[in-house]
Every structure is written in C-alpha cells, then in structure tokens.
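Pasting entry_26.cif here (mmCIF, C-alpha atoms and all ligand atoms):
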```
data_entry
loop_
_atom_site.label_atom_id
_atom_site.label_comp_id
_atom_site.auth_asym_id
_atom_site.auth_seq_id
_atom_site.Cartn_x
_atom_site.Cartn_y
_atom_site.Cartn_z
CA MET A 29 0.00 0.00 0.00
CA THR A 30 1.25 3.48 -0.79
CA ALA A 31 2.07 5.81 2.07
CA PHE A 32 -0.40 8.60 2.80
CA THR A 33 -1.04 11.20 5.45
CA ARG A 34 -4.52 11.28 6.86
CA LYS A 35 -6.01 14.76 7.00
CA ASN A 36 -5.72 16.52 10.36
CA ALA A 37 -4.16 13.48 11.98
CA ASP A 38 -2.43 15.94 14.33
CA LYS A 39 -5.75 17.60 15.30
CA PRO A 40 -7.93 16.42 18.19
CA THR A 41 -10.01 13.39 17.32
CA MET A 42 -13.67 14.37 17.16
CA LEU A 43 -15.32 10.96 17.18
CA VAL A 44 -14.01 7.57 18.19
CA TYR A 45 -15.89 4.33 17.60
CA ASP A 46 -14.40 1.53 19.64
CA LYS A 47 -15.71 -1.97 18.81
CA VAL A 48 -19.28 -0.67 18.55
CA ARG A 49 -22.03 -3.30 18.50
CA LYS A 50 -25.71 -2.90 17.78
CA ASN A 51 -28.28 -5.69 17.78
CA TYR A 52 -31.87 -5.69 16.66
CA GLY A 53 -33.17 -8.79 18.43
CA ASN A 54 -31.02 -11.67 17.16
CA PHE A 55 -29.75 -9.61 14.26
CA THR A 56 -26.38 -7.92 14.56
CA ALA A 57 -26.47 -4.61 12.67
CA LEU A 58 -23.05 -3.36 13.86
CA ASP A 59 -20.48 -5.98 14.63
CA GLY A 60 -17.46 -4.44 16.34
CA VAL A 61 -16.99 -1.24 14.36
CA SER A 62 -13.80 0.69 15.16
CA LEU A 63 -13.13 3.98 13.46
CA HIS A 64 -12.14 7.52 14.25
CA VAL A 65 -12.89 10.91 12.72
CA ASN A 66 -10.52 13.86 13.08
CA ALA A 67 -11.76 17.44 13.26
CA GLY A 68 -12.11 18.86 9.75
CA GLU A 69 -12.30 15.49 8.01
CA VAL A 70 -14.90 14.39 5.49
CA VAL A 71 -15.51 10.69 6.03
CA CYS A 72 -17.77 8.90 3.55
CA LEU A 73 -19.48 5.65 4.51
CA ILE A 74 -20.23 3.38 1.57
CA GLY A 75 -21.38 -0.21 1.23
CA PRO A 76 -24.34 -2.37 0.23
CA SER A 77 -27.88 -1.79 1.42
CA GLY A 78 -28.43 -3.12 4.93
CA SER A 79 -24.73 -3.06 5.84
CA GLY A 80 -25.18 -0.78 8.86
CA LYS A 81 -24.29 2.71 7.57
CA SER A 82 -27.46 4.45 8.79
CA THR A 83 -27.31 2.49 12.02
CA LEU A 84 -23.87 3.91 12.72
CA LEU A 85 -25.12 7.47 12.17
CA ARG A 86 -28.18 6.85 14.32
CA CYS A 87 -25.99 5.49 17.12
CA THR A 88 -23.71 8.52 16.75
CA ASN A 89 -26.41 11.03 17.62
CA ALA A 90 -28.12 8.59 19.97
CA LEU A 91 -31.27 8.04 17.97
CA GLU A 92 -30.29 4.46 18.81
CA THR A 93 -28.47 3.01 21.80
CA THR A 94 -25.50 0.69 21.32
CA ASP A 95 -25.16 -2.80 22.77
CA GLY A 96 -21.40 -2.93 23.16
CA GLY A 97 -18.23 -0.99 22.68
CA GLU A 98 -18.13 2.75 23.00
CA ILE A 99 -18.58 5.94 21.01
CA ARG A 100 -16.65 8.97 22.25
CA PHE A 101 -17.48 12.45 20.99
CA GLU A 102 -15.05 15.26 21.70
CA GLY A 103 -13.33 13.13 24.29
CA ARG A 104 -16.36 11.97 26.25
CA PRO A 105 -18.41 8.77 25.99
CA LEU A 106 -21.89 9.24 24.60
CA LEU A 107 -25.05 8.43 26.51
CA VAL A 108 -24.13 9.64 29.94
CA SER A 109 -27.53 11.10 30.72
CA ASP A 110 -30.52 12.55 28.91
CA ALA A 111 -29.39 16.09 29.67
CA ASP A 112 -25.94 15.38 28.27
CA MET A 113 -27.48 13.78 25.23
CA ARG A 114 -29.46 16.91 24.43
CA LYS A 115 -26.26 18.93 24.59
CA VAL A 116 -24.48 16.39 22.39
CA ARG A 117 -27.28 16.51 19.81
CA GLN A 118 -26.90 20.28 19.60
CA ARG A 119 -23.29 19.78 18.57
CA MET A 120 -24.27 17.34 15.80
CA GLY A 121 -26.27 18.34 12.74
CA MET A 122 -28.19 15.55 11.04
CA VAL A 123 -29.47 15.65 7.47
CA PHE A 124 -31.73 12.81 6.35
CA GLN A 125 -32.65 11.39 2.98
CA ASN A 126 -36.20 12.75 3.20
CA PHE A 127 -35.46 16.29 4.49
CA GLU A 128 -38.01 16.09 7.33
CA LEU A 129 -38.95 19.75 7.19
CA PHE A 130 -42.06 21.05 8.94
CA PRO A 131 -44.59 21.21 6.09
CA HIS A 132 -46.66 24.02 7.63
CA LYS A 133 -43.66 26.30 8.12
CA THR A 134 -41.83 28.39 5.51
CA ALA A 135 -38.20 27.82 4.62
CA LEU A 136 -37.30 30.76 6.87
CA GLU A 137 -39.37 29.46 9.76
CA ASN A 138 -37.92 25.97 9.41
CA VAL A 139 -34.41 27.38 9.82
CA ALA A 140 -35.29 29.94 12.51
CA LEU A 141 -37.25 27.56 14.72
CA GLY A 142 -34.31 25.93 16.50
CA LEU A 143 -32.71 29.33 17.00
CA THR A 144 -35.67 30.70 18.95
CA THR A 145 -36.61 27.51 20.82
CA VAL A 146 -33.30 25.79 21.54
CA ARG A 147 -30.89 28.71 21.32
CA LYS A 148 -33.34 31.23 22.83
CA MET A 149 -32.46 33.85 20.24
CA ASP A 150 -34.95 36.70 19.87
CA ALA A 151 -37.20 36.50 16.83
CA ASP A 152 -35.50 39.29 14.87
CA GLU A 153 -32.00 37.96 15.35
CA ALA A 154 -33.16 34.42 14.49
CA ARG A 155 -34.75 35.76 11.32
CA GLN A 156 -31.56 37.53 10.27
CA ARG A 157 -29.49 34.46 10.98
CA ALA A 158 -31.91 32.19 9.09
CA MET A 159 -31.84 34.56 6.09
CA ALA A 160 -28.03 34.46 6.07
CA LEU A 161 -28.00 30.67 6.24
CA LEU A 162 -30.54 30.33 3.44
CA ALA A 163 -28.43 32.71 1.34
CA LYS A 164 -25.40 30.55 2.08
CA VAL A 165 -27.15 27.50 0.58
CA GLY A 166 -28.32 29.55 -2.42
CA LEU A 167 -31.93 30.09 -1.34
CA ALA A 168 -32.05 33.81 -0.55
CA ASP A 169 -35.09 34.16 -2.82
CA LYS A 170 -37.01 31.21 -1.37
CA THR A 171 -37.34 32.24 2.27
CA PRO A 172 -41.18 32.60 2.19
CA ASN A 173 -41.79 29.29 0.39
CA TYR A 174 -43.39 26.34 2.09
CA PRO A 175 -41.69 22.95 1.53
CA SER A 176 -44.44 21.92 -0.91
CA ASN A 177 -43.39 24.86 -3.10
CA LEU A 178 -39.74 23.89 -3.18
CA SER A 179 -37.98 21.28 -5.29
CA GLY A 180 -36.42 18.30 -3.53
CA GLY A 181 -32.96 19.79 -3.88
CA GLN A 182 -34.18 23.10 -2.45
CA GLN A 183 -35.88 21.33 0.46
CA GLN A 184 -32.70 19.46 1.21
CA ARG A 185 -30.73 22.71 1.19
CA VAL A 186 -33.23 24.18 3.69
CA ALA A 187 -32.64 21.09 5.84
CA ILE A 188 -28.88 21.69 5.64
CA ALA A 189 -29.33 25.37 6.59
CA ARG A 190 -31.52 24.30 9.51
CA ALA A 191 -28.85 21.90 10.77
CA LEU A 192 -26.13 24.57 10.36
CA ALA A 193 -28.19 27.04 12.40
CA MET A 194 -27.29 25.12 15.54
CA GLU A 195 -23.57 25.63 14.77
CA PRO A 196 -22.81 21.93 14.96
CA HIS A 197 -19.29 20.63 15.47
CA VAL A 198 -20.00 17.75 13.11
CA MET A 199 -22.57 17.19 10.37
CA LEU A 200 -24.01 13.74 9.74
CA PHE A 201 -25.56 13.17 6.33
CA ASP A 202 -27.56 10.05 5.54
CA GLU A 203 -27.85 9.74 1.77
CA PRO A 204 -28.72 13.41 1.33
CA THR A 205 -29.26 13.08 -2.41
CA SER A 206 -30.82 9.67 -2.88
CA ALA A 207 -34.43 10.93 -2.82
CA LEU A 208 -33.71 13.69 -5.35
CA ASP A 209 -34.36 14.02 -9.04
CA PRO A 210 -31.05 13.68 -10.87
CA GLU A 211 -31.05 17.34 -11.93
CA THR A 212 -31.10 18.59 -8.33
CA VAL A 213 -28.46 16.23 -6.94
CA GLY A 214 -25.62 18.50 -8.02
CA GLU A 215 -26.83 21.58 -6.13
CA VAL A 216 -26.99 19.63 -2.85
CA LEU A 217 -23.60 18.05 -3.43
CA ASN A 218 -22.15 21.51 -4.15
CA VAL A 219 -23.46 22.86 -0.86
CA THR A 220 -22.02 19.84 0.90
CA ARG A 221 -18.71 20.29 -0.83
CA ASN A 222 -18.56 23.98 0.12
CA LEU A 223 -19.05 23.01 3.75
CA ALA A 224 -16.19 20.57 3.45
CA ASP A 225 -14.00 23.31 1.96
CA GLU A 226 -14.84 25.52 4.94
CA GLY A 227 -13.49 22.81 7.23
CA MET A 228 -16.73 21.38 8.59
CA THR A 229 -16.28 17.90 10.02
CA MET A 230 -18.65 15.60 8.19
CA ILE A 231 -19.71 11.98 8.02
CA VAL A 232 -21.58 11.32 4.81
CA VAL A 233 -23.39 8.10 3.93
CA THR A 234 -23.60 8.17 0.16
CA HIS A 235 -24.14 6.13 -2.96
CA GLU A 236 -22.55 8.95 -4.99
CA MET A 237 -19.16 7.38 -5.57
CA SER A 238 -17.85 10.32 -7.57
CA PHE A 239 -18.67 12.61 -4.63
CA ALA A 240 -16.91 10.27 -2.20
CA ARG A 241 -13.96 10.07 -4.56
CA ARG A 242 -13.64 13.84 -4.89
CA VAL A 243 -14.70 15.21 -1.51
CA ALA A 244 -13.96 12.60 1.15
CA ASN A 245 -10.48 12.39 2.56
CA TRP A 246 -11.34 9.04 4.17
CA VAL A 247 -13.66 6.34 2.91
CA VAL A 248 -15.10 3.51 4.97
CA VAL A 249 -16.61 0.44 3.34
CA PHE A 250 -19.27 -1.44 5.30
CA GLU A 251 -20.52 -4.94 4.81
CA ARG A 252 -22.88 -6.83 7.10
CA GLY A 253 -22.24 -4.61 10.07
CA GLN A 254 -18.47 -4.76 9.76
CA LEU A 255 -15.82 -2.53 8.26
CA LEU A 256 -14.49 -4.25 5.18
CA GLU A 257 -11.88 -1.66 4.54
CA GLN A 258 -11.07 1.99 5.24
CA GLY A 259 -8.58 4.33 3.68
CA PRO A 260 -8.05 7.39 1.54
CA PRO A 261 -10.21 7.55 -1.61
CA GLN A 262 -7.21 6.84 -3.83
CA GLN A 263 -6.87 3.46 -2.12
CA ILE A 264 -10.55 2.55 -1.96
CA PHE A 265 -11.41 3.56 -5.51
CA GLU A 266 -8.18 2.80 -7.31
CA ALA A 267 -6.53 0.00 -5.39
CA PRO A 268 -8.97 -1.59 -2.94
CA THR A 269 -7.30 -4.14 -0.75
CA THR A 270 -10.25 -6.52 -0.50
CA GLU A 271 -12.02 -8.41 -3.23
CA ARG A 272 -15.41 -7.55 -1.67
CA THR A 273 -14.72 -3.82 -2.03
CA GLN A 274 -13.81 -4.40 -5.68
CA GLU A 275 -17.01 -6.37 -6.20
CA PHE A 276 -19.14 -3.72 -4.52
CA LEU A 277 -17.66 -0.95 -6.64
CA SER A 278 -17.91 -2.87 -9.88
CA HIS A 279 -21.57 -3.63 -9.11
CA LEU A 280 -22.12 0.12 -9.01
CA GLY A 281 -20.39 0.43 -12.35
CA TRP A 282 -17.39 2.14 -10.82
CA ASN A 283 -14.23 1.46 -12.76
CA GLY A 284 -11.94 4.15 -11.41
N1 LIG A 301 -35.30 -0.78 13.87
C1 LIG A 301 -34.81 -1.89 13.30
N2 LIG A 301 -35.26 -3.11 13.65
C2 LIG A 301 -34.76 -4.24 13.12
N3 LIG A 301 -33.78 -4.26 12.20
C3 LIG A 301 -33.29 -3.08 11.79
C4 LIG A 301 -33.78 -1.84 12.32
N4 LIG A 301 -33.09 -0.84 11.73
C5 LIG A 301 -32.22 -1.42 10.88
N5 LIG A 301 -32.34 -2.75 10.91
C6 LIG A 301 -31.54 -3.72 10.13
O1 LIG A 301 -30.17 -3.45 10.35
C7 LIG A 301 -29.43 -3.61 9.14
C8 LIG A 301 -28.64 -2.35 8.87
O2 LIG A 301 -29.56 -1.33 8.52
P1 LIG A 301 -29.08 0.10 8.06
O3 LIG A 301 -30.29 0.92 7.92
O4 LIG A 301 -28.01 0.59 8.97
O5 LIG A 301 -28.43 -0.22 6.64
P2 LIG A 301 -27.79 0.77 5.57
O6 LIG A 301 -26.38 0.34 5.37
O7 LIG A 301 -28.04 2.17 5.99
O8 LIG A 301 -28.61 0.41 4.25
P3 LIG A 301 -29.18 1.36 3.07
O9 LIG A 301 -28.02 1.61 2.14
O10 LIG A 301 -30.24 0.53 2.42
O11 LIG A 301 -29.73 2.61 3.70
C9 LIG A 301 -30.43 -3.95 8.06
O12 LIG A 301 -30.41 -5.33 7.82
C10 LIG A 301 -31.76 -3.54 8.65
O13 LIG A 301 -32.81 -4.34 8.18
MG MG A 302 -29.24 3.69 5.22
#
```
Using structure tokens, write down the structure from this file.
Amino acid sequence: MTAFTRKNADKPTMLVYDKVRKNYGNFTALDGVSLHVNAGEVVCLIGPSGSGKSTLLRCTNALETTDGGEIRFEGRPLLVSDADMRKVRQRMGMVFQNFELFPHKTALENVALGLTTVRKMDADEARQRAMALLAKVGLADKTPNYPSNLSGGQQQRVAIARALAMEPHVMLFDEPTSALDPETVGEVLNVTRNLADEGMTMIVVTHEMSFARRVANWVVVFERGQLLEQGPPQQIFEAPTTERTQEFLSHLGWNG
C-alpha cells in the first residue's frame, strides 16, 4: 500500500468508535466497528444496502443506543444522561434522505425555529441568521416558500441550513441526495462540498461514488455490520485491498 497522510491526523479526534455493537433482536447490525474521525475530516461511509451505515449514524447522535463498545465524541463517551445527550445533539447536525422539514412552516421558519426555541435567540435575530444561512445554501429568494413549493434539492438545502443554524461541530448526512431528481443532486452536493472546503467535520453516507472520490479524505466500506476496509479515496477507488470492495464498486459500475 502506498504511504499517505490522513487529513488533520495531528488535530484532536472528534469521534471515536471503539468496537461498537448494535443488535436488533437476534440480528447484529453493527459488529465491532472501530473507526475515528478527526476534526475537519470528510468521512464517507459506503457499502451495500443493509450493511449498517445508517445504524452507525443513528448510534452517533443517539437516535439508537449501542449494545457494546463505545462511542466517544469530543473526548467523552456518549449516553451519559438525557441532559448530556441533548447537549451532544446540539453539537451534531443531522441531514436525512427525506429532508423532514415542517410542512406548515416556511423555509425561513424551518431554519429559525431551533434558533428561537433551543438557542433562545430573539425573533428578529433568528430571522436575520436564518436569512443568512438560506443565502449561504443559495436560497435567498425562497425564504417565504413552504416545503411543498420547493424542489427536492431546495428542500434538502433548507434542511442543511436548519442543521447549520445550531452551529454543529460535526454534520451527519444520511444519503442526502438519494431521494432527489437527478437534476437537483448537483446543487446539494455543491453545498455539501462547500461546507467541506470551509473545514466542517462531516460523516456522509452516500451512494454517490464520484462525490466520495472527490470530496472525502477518508472512505469507509461497510458490509454486514463490519468494516471491510477503510482508507483514503485513492486506495478505496483505485486500489482496494479486499475483493469484496472491488465487487461492490464494480456492481455500481465504478471502474476508477
Ligand atoms: N429498527 C430496526 N429493527 C430491526 N432491524 C433493523 C432496524 N433498523 C435497521 N435494521 C436492520 O439493520 C441492518 C442495517 O440497517 P441500516 O439501515 O443501517 O443499513 P444501511 O447500510 O443504511 O442500508 P441502506 O443503504 O439501504 O440505507 C439492516 O439489515 C436492517 O434491516
Ligand atoms: Mg441507510
């Protein structure tokens, strides 16, 4: 294997997964996953359907509990108490496949809501901040629109702005483009890439191999709840060390 330097290896580690296990009844969804994420890294999780990628994200922000091993976020184990968990969630932004916006609120209100309720900002300040965030994701002219009057790509960008409003230390994306029409995928990937360029720490579950190849500095391949392989994109996409990774990529039509 060629030598490489992992991005920000000298920076504090933001997330550590140490032999993480997750069971659903008799089924093992995560089977001893060990991984770390440095501040400022973009880590892409790839792998077949059902391999545990979403489960790992859901365990990360404690939408699910784990059954073994440990997840440490900014130096402290997760799941200490409910109060701690709420604080932890505020430091993690989550973006889902299906946006999950409030349908009866405008784009502006969707972004401002957490600012007034969780962050206790006054309404005017929250409005200003929400406008700035919507401008940042290219939606300055869509602030009064309800989700039903936005395209999928626009809705997803509102969801990203909403997550950013909480000033998260890490952003977790679960297939942010897989519910989108092909023509709007690019605008969401561009927003995501800009965040990466600004140094946001991100974990991105994606089926967009070209995005993972270009934007991730570290790629993790899952299969059946285990890590098949992890490494820089040059390794994973050009010289995978396992046959299963090669098979997975060639199934997707990836040929370097
Ligand atoms: N609440 C649940 N109860 C039982 N089994 C579950 C539950 N959630 C997930 N699983 C199972 O755990 C496994 C991992 O699921 P997960 O959603 O993490 O896969 P994934 O890698 O994200 O797949 P995809 O690419 O299709 O989104 C799957 O076999 C799934 O059926
Ligand atoms: Mg999933």
Dump the neighbourhood of ligand MG 302 (chain A) as a count of residues only: all residues within 7 Å, distances computed on only C-alpha atoms and all ligand atoms.
5
Might I get the box with edges along x, y and z of the file that holds all atoms of ligand LIG 301 (chain A) listed there, padded by 3 Å on every side, given as centre and edge lengths in Å to one decimal, as JSON?
```
{"center_x": -30.8, "center_y": -1.4, "center_z": 8.0, "size_x": 14.9, "size_y": 13.9, "size_z": 17.7}
```
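The nearest approach to ligand LIG 301 (chain A) among the residues A:Glu257, A:Glu203, A:Asp152, A:Glu98, with only C-alpha atoms and all ligand atoms taken into account, belongs to A:Glu203.
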Selection near A:Phe124, 9 Å with only C-alpha atoms, sequence-local residues under 5 positions removed, as a list of chain:residue names
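The neighbour list is A:Gln184, A:Ala187, A:Leu200, A:Phe201, A:Asp202, A:Glu203, A:Pro204.
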Once you have the residues from the selection above, write them out as a short mmCIF file (atom, residue, chain, number, x, y, z; two decimals), in the coordinates of the input, restricted to C-alpha atoms.
```
data_model
loop_
_atom_site.label_atom_id
_atom_site.label_comp_id
_atom_site.auth_asym_id
_atom_site.auth_seq_id
_atom_site.Cartn_x
_atom_site.Cartn_y
_atom_site.Cartn_z
CA GLN A 184 -32.70 19.46 1.21
CA ALA A 187 -32.64 21.09 5.84
CA LEU A 200 -24.01 13.74 9.74
CA PHE A 201 -25.56 13.17 6.33
CA ASP A 202 -27.56 10.05 5.54
CA GLU A 203 -27.85 9.74 1.77
CA PRO A 204 -28.72 13.41 1.33
#
```
Which is closer to ligand LIG 301 (chain A) than all the others in A:Asn36, A:Thr93, A:Ser79, A:Gln118, using only C-alpha atoms and all ligand atoms?
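Looking at the shortest contact to ligand LIG 301 (chain A), the residue is A:Ser79.
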Spatial neighbours of A:Phe276, 10 Å, all atoms listed in the file, chain gap at least 3 places, as a ChimeraX atom specification:
/A:74-76,249,251,271-273,279-282
Pick from A:Ile99, A:Ala189, A:Met199, A:Cys72: nearest to A:Glu137, with all atoms listed in the file counted?
A:Ala189
Neighbour list for A:Tyr174 as a PyMOL selection string, cut-off 9 Å, all atoms listed in the file, skip fewer than 5 positions in-chain:
chain A and resi 130-136
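When all atoms listed in the file are used to compute distances to ligand LIG 301 (chain A), the closest of the residues A:Leu255, A:Ala168, A:Ile188, A:Leu217 turns out to be A:Leu255.
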Ranking A:Gly121, A:Gly214, A:Pro40, A:Gly253 by minimum distance to A:Thr56 and counting all atoms listed in the file, which one comes first?
A:Gly253
What's the separation between atom O6 of ligand LIG 301 (chain A) and atom CA of A:Leu84, in Å to one decimal place?
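If I compute the distance from atom O6 of ligand LIG 301 (chain A) to atom CA of A:Leu84, I get 8.5 Å.
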Have stretch 36-65 of chain A completed to N, CA and C atoms, please, and pass it along as a tab-separated table (two decimals), in the coordinates of the input.
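Dumped everything to part-v6.tsv:
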```tsv
chain	number	residue	atom	x	y	z
A	36	ASN	N	-5.55	16.06	8.97
A	36	ASN	CA	-5.72	16.52	10.36
A	36	ASN	C	-5.41	15.45	11.39
A	37	ALA	N	-4.51	14.55	11.04
A	37	ALA	CA	-4.16	13.48	11.98
A	37	ALA	C	-3.56	14.07	13.26
A	38	ASP	N	-3.04	15.30	13.15
A	38	ASP	CA	-2.43	15.94	14.33
A	38	ASP	C	-3.47	16.72	15.15
A	39	LYS	N	-4.69	16.84	14.60
A	39	LYS	CA	-5.75	17.60	15.30
A	39	LYS	C	-6.46	16.69	16.30
A	40	PRO	N	-7.21	17.27	17.24
A	40	PRO	CA	-7.93	16.42	18.19
A	40	PRO	C	-8.92	15.53	17.45
A	41	THR	N	-9.05	14.31	17.93
A	41	THR	CA	-10.01	13.39	17.32
A	41	THR	C	-11.41	13.79	17.77
A	42	MET	N	-12.33	13.91	16.80
A	42	MET	CA	-13.67	14.37	17.16
A	42	MET	C	-14.55	13.21	17.61
A	43	LEU	N	-14.49	12.13	16.86
A	43	LEU	CA	-15.32	10.96	17.18
A	43	LEU	C	-14.47	9.70	17.16
A	44	VAL	N	-14.69	8.87	18.15
A	44	VAL	CA	-14.01	7.57	18.19
A	44	VAL	C	-15.08	6.50	18.34
A	45	TYR	N	-15.03	5.51	17.49
A	45	TYR	CA	-15.89	4.33	17.60
A	45	TYR	C	-14.97	3.18	17.99
A	46	ASP	N	-15.28	2.57	19.13
A	46	ASP	CA	-14.40	1.53	19.64
A	46	ASP	C	-15.21	0.24	19.77
A	47	LYS	N	-15.05	-0.65	18.81
A	47	LYS	CA	-15.71	-1.97	18.81
A	47	LYS	C	-17.21	-1.85	19.07
A	48	VAL	N	-17.85	-0.95	18.32
A	48	VAL	CA	-19.28	-0.67	18.55
A	48	VAL	C	-20.15	-1.82	18.03
A	49	ARG	N	-21.08	-2.24	18.87
A	49	ARG	CA	-22.03	-3.30	18.50
A	49	ARG	C	-23.45	-2.77	18.63
A	50	LYS	N	-24.29	-3.22	17.70
A	50	LYS	CA	-25.71	-2.90	17.78
A	50	LYS	C	-26.51	-4.10	17.32
A	51	ASN	N	-27.42	-4.55	18.15
A	51	ASN	CA	-28.28	-5.69	17.78
A	51	ASN	C	-29.72	-5.22	17.65
A	52	TYR	N	-30.42	-5.81	16.70
A	52	TYR	CA	-31.87	-5.69	16.66
A	52	TYR	C	-32.40	-7.11	16.90
A	53	GLY	N	-32.81	-7.41	18.10
A	53	GLY	CA	-33.17	-8.79	18.43
A	53	GLY	C	-31.96	-9.69	18.22
A	54	ASN	N	-32.13	-10.75	17.42
A	54	ASN	CA	-31.02	-11.67	17.16
A	54	ASN	C	-30.09	-11.17	16.07
A	55	PHE	N	-30.50	-10.09	15.42
A	55	PHE	CA	-29.75	-9.61	14.26
A	55	PHE	C	-28.68	-8.61	14.68
A	56	THR	N	-27.47	-8.83	14.22
A	56	THR	CA	-26.38	-7.92	14.56
A	56	THR	C	-26.20	-6.91	13.43
A	57	ALA	N	-26.55	-5.65	13.71
A	57	ALA	CA	-26.47	-4.61	12.67
A	57	ALA	C	-25.09	-3.96	12.64
A	58	LEU	N	-24.44	-3.85	13.80
A	58	LEU	CA	-23.05	-3.36	13.86
A	58	LEU	C	-22.26	-4.38	14.67
A	59	ASP	N	-21.18	-4.83	14.07
A	59	ASP	CA	-20.48	-5.98	14.63
A	59	ASP	C	-19.02	-5.62	14.92
A	60	GLY	N	-18.83	-4.78	15.96
A	60	GLY	CA	-17.46	-4.44	16.34
A	60	GLY	C	-16.83	-3.42	15.42
A	61	VAL	N	-17.49	-2.28	15.27
A	61	VAL	CA	-16.99	-1.24	14.36
A	61	VAL	C	-16.01	-0.31	15.09
A	62	SER	N	-14.80	-0.22	14.60
A	62	SER	CA	-13.80	0.69	15.16
A	62	SER	C	-13.33	1.64	14.08
A	63	LEU	N	-13.36	2.93	14.45
A	63	LEU	CA	-13.13	3.98	13.46
A	63	LEU	C	-12.90	5.27	14.21
A	64	HIS	N	-12.16	6.20	13.63
A	64	HIS	CA	-12.14	7.52	14.25
A	64	HIS	C	-12.26	8.60	13.18
A	65	VAL	N	-12.69	9.77	13.62
A	65	VAL	CA	-12.89	10.91	12.72
A	65	VAL	C	-12.18	12.11	13.34
```
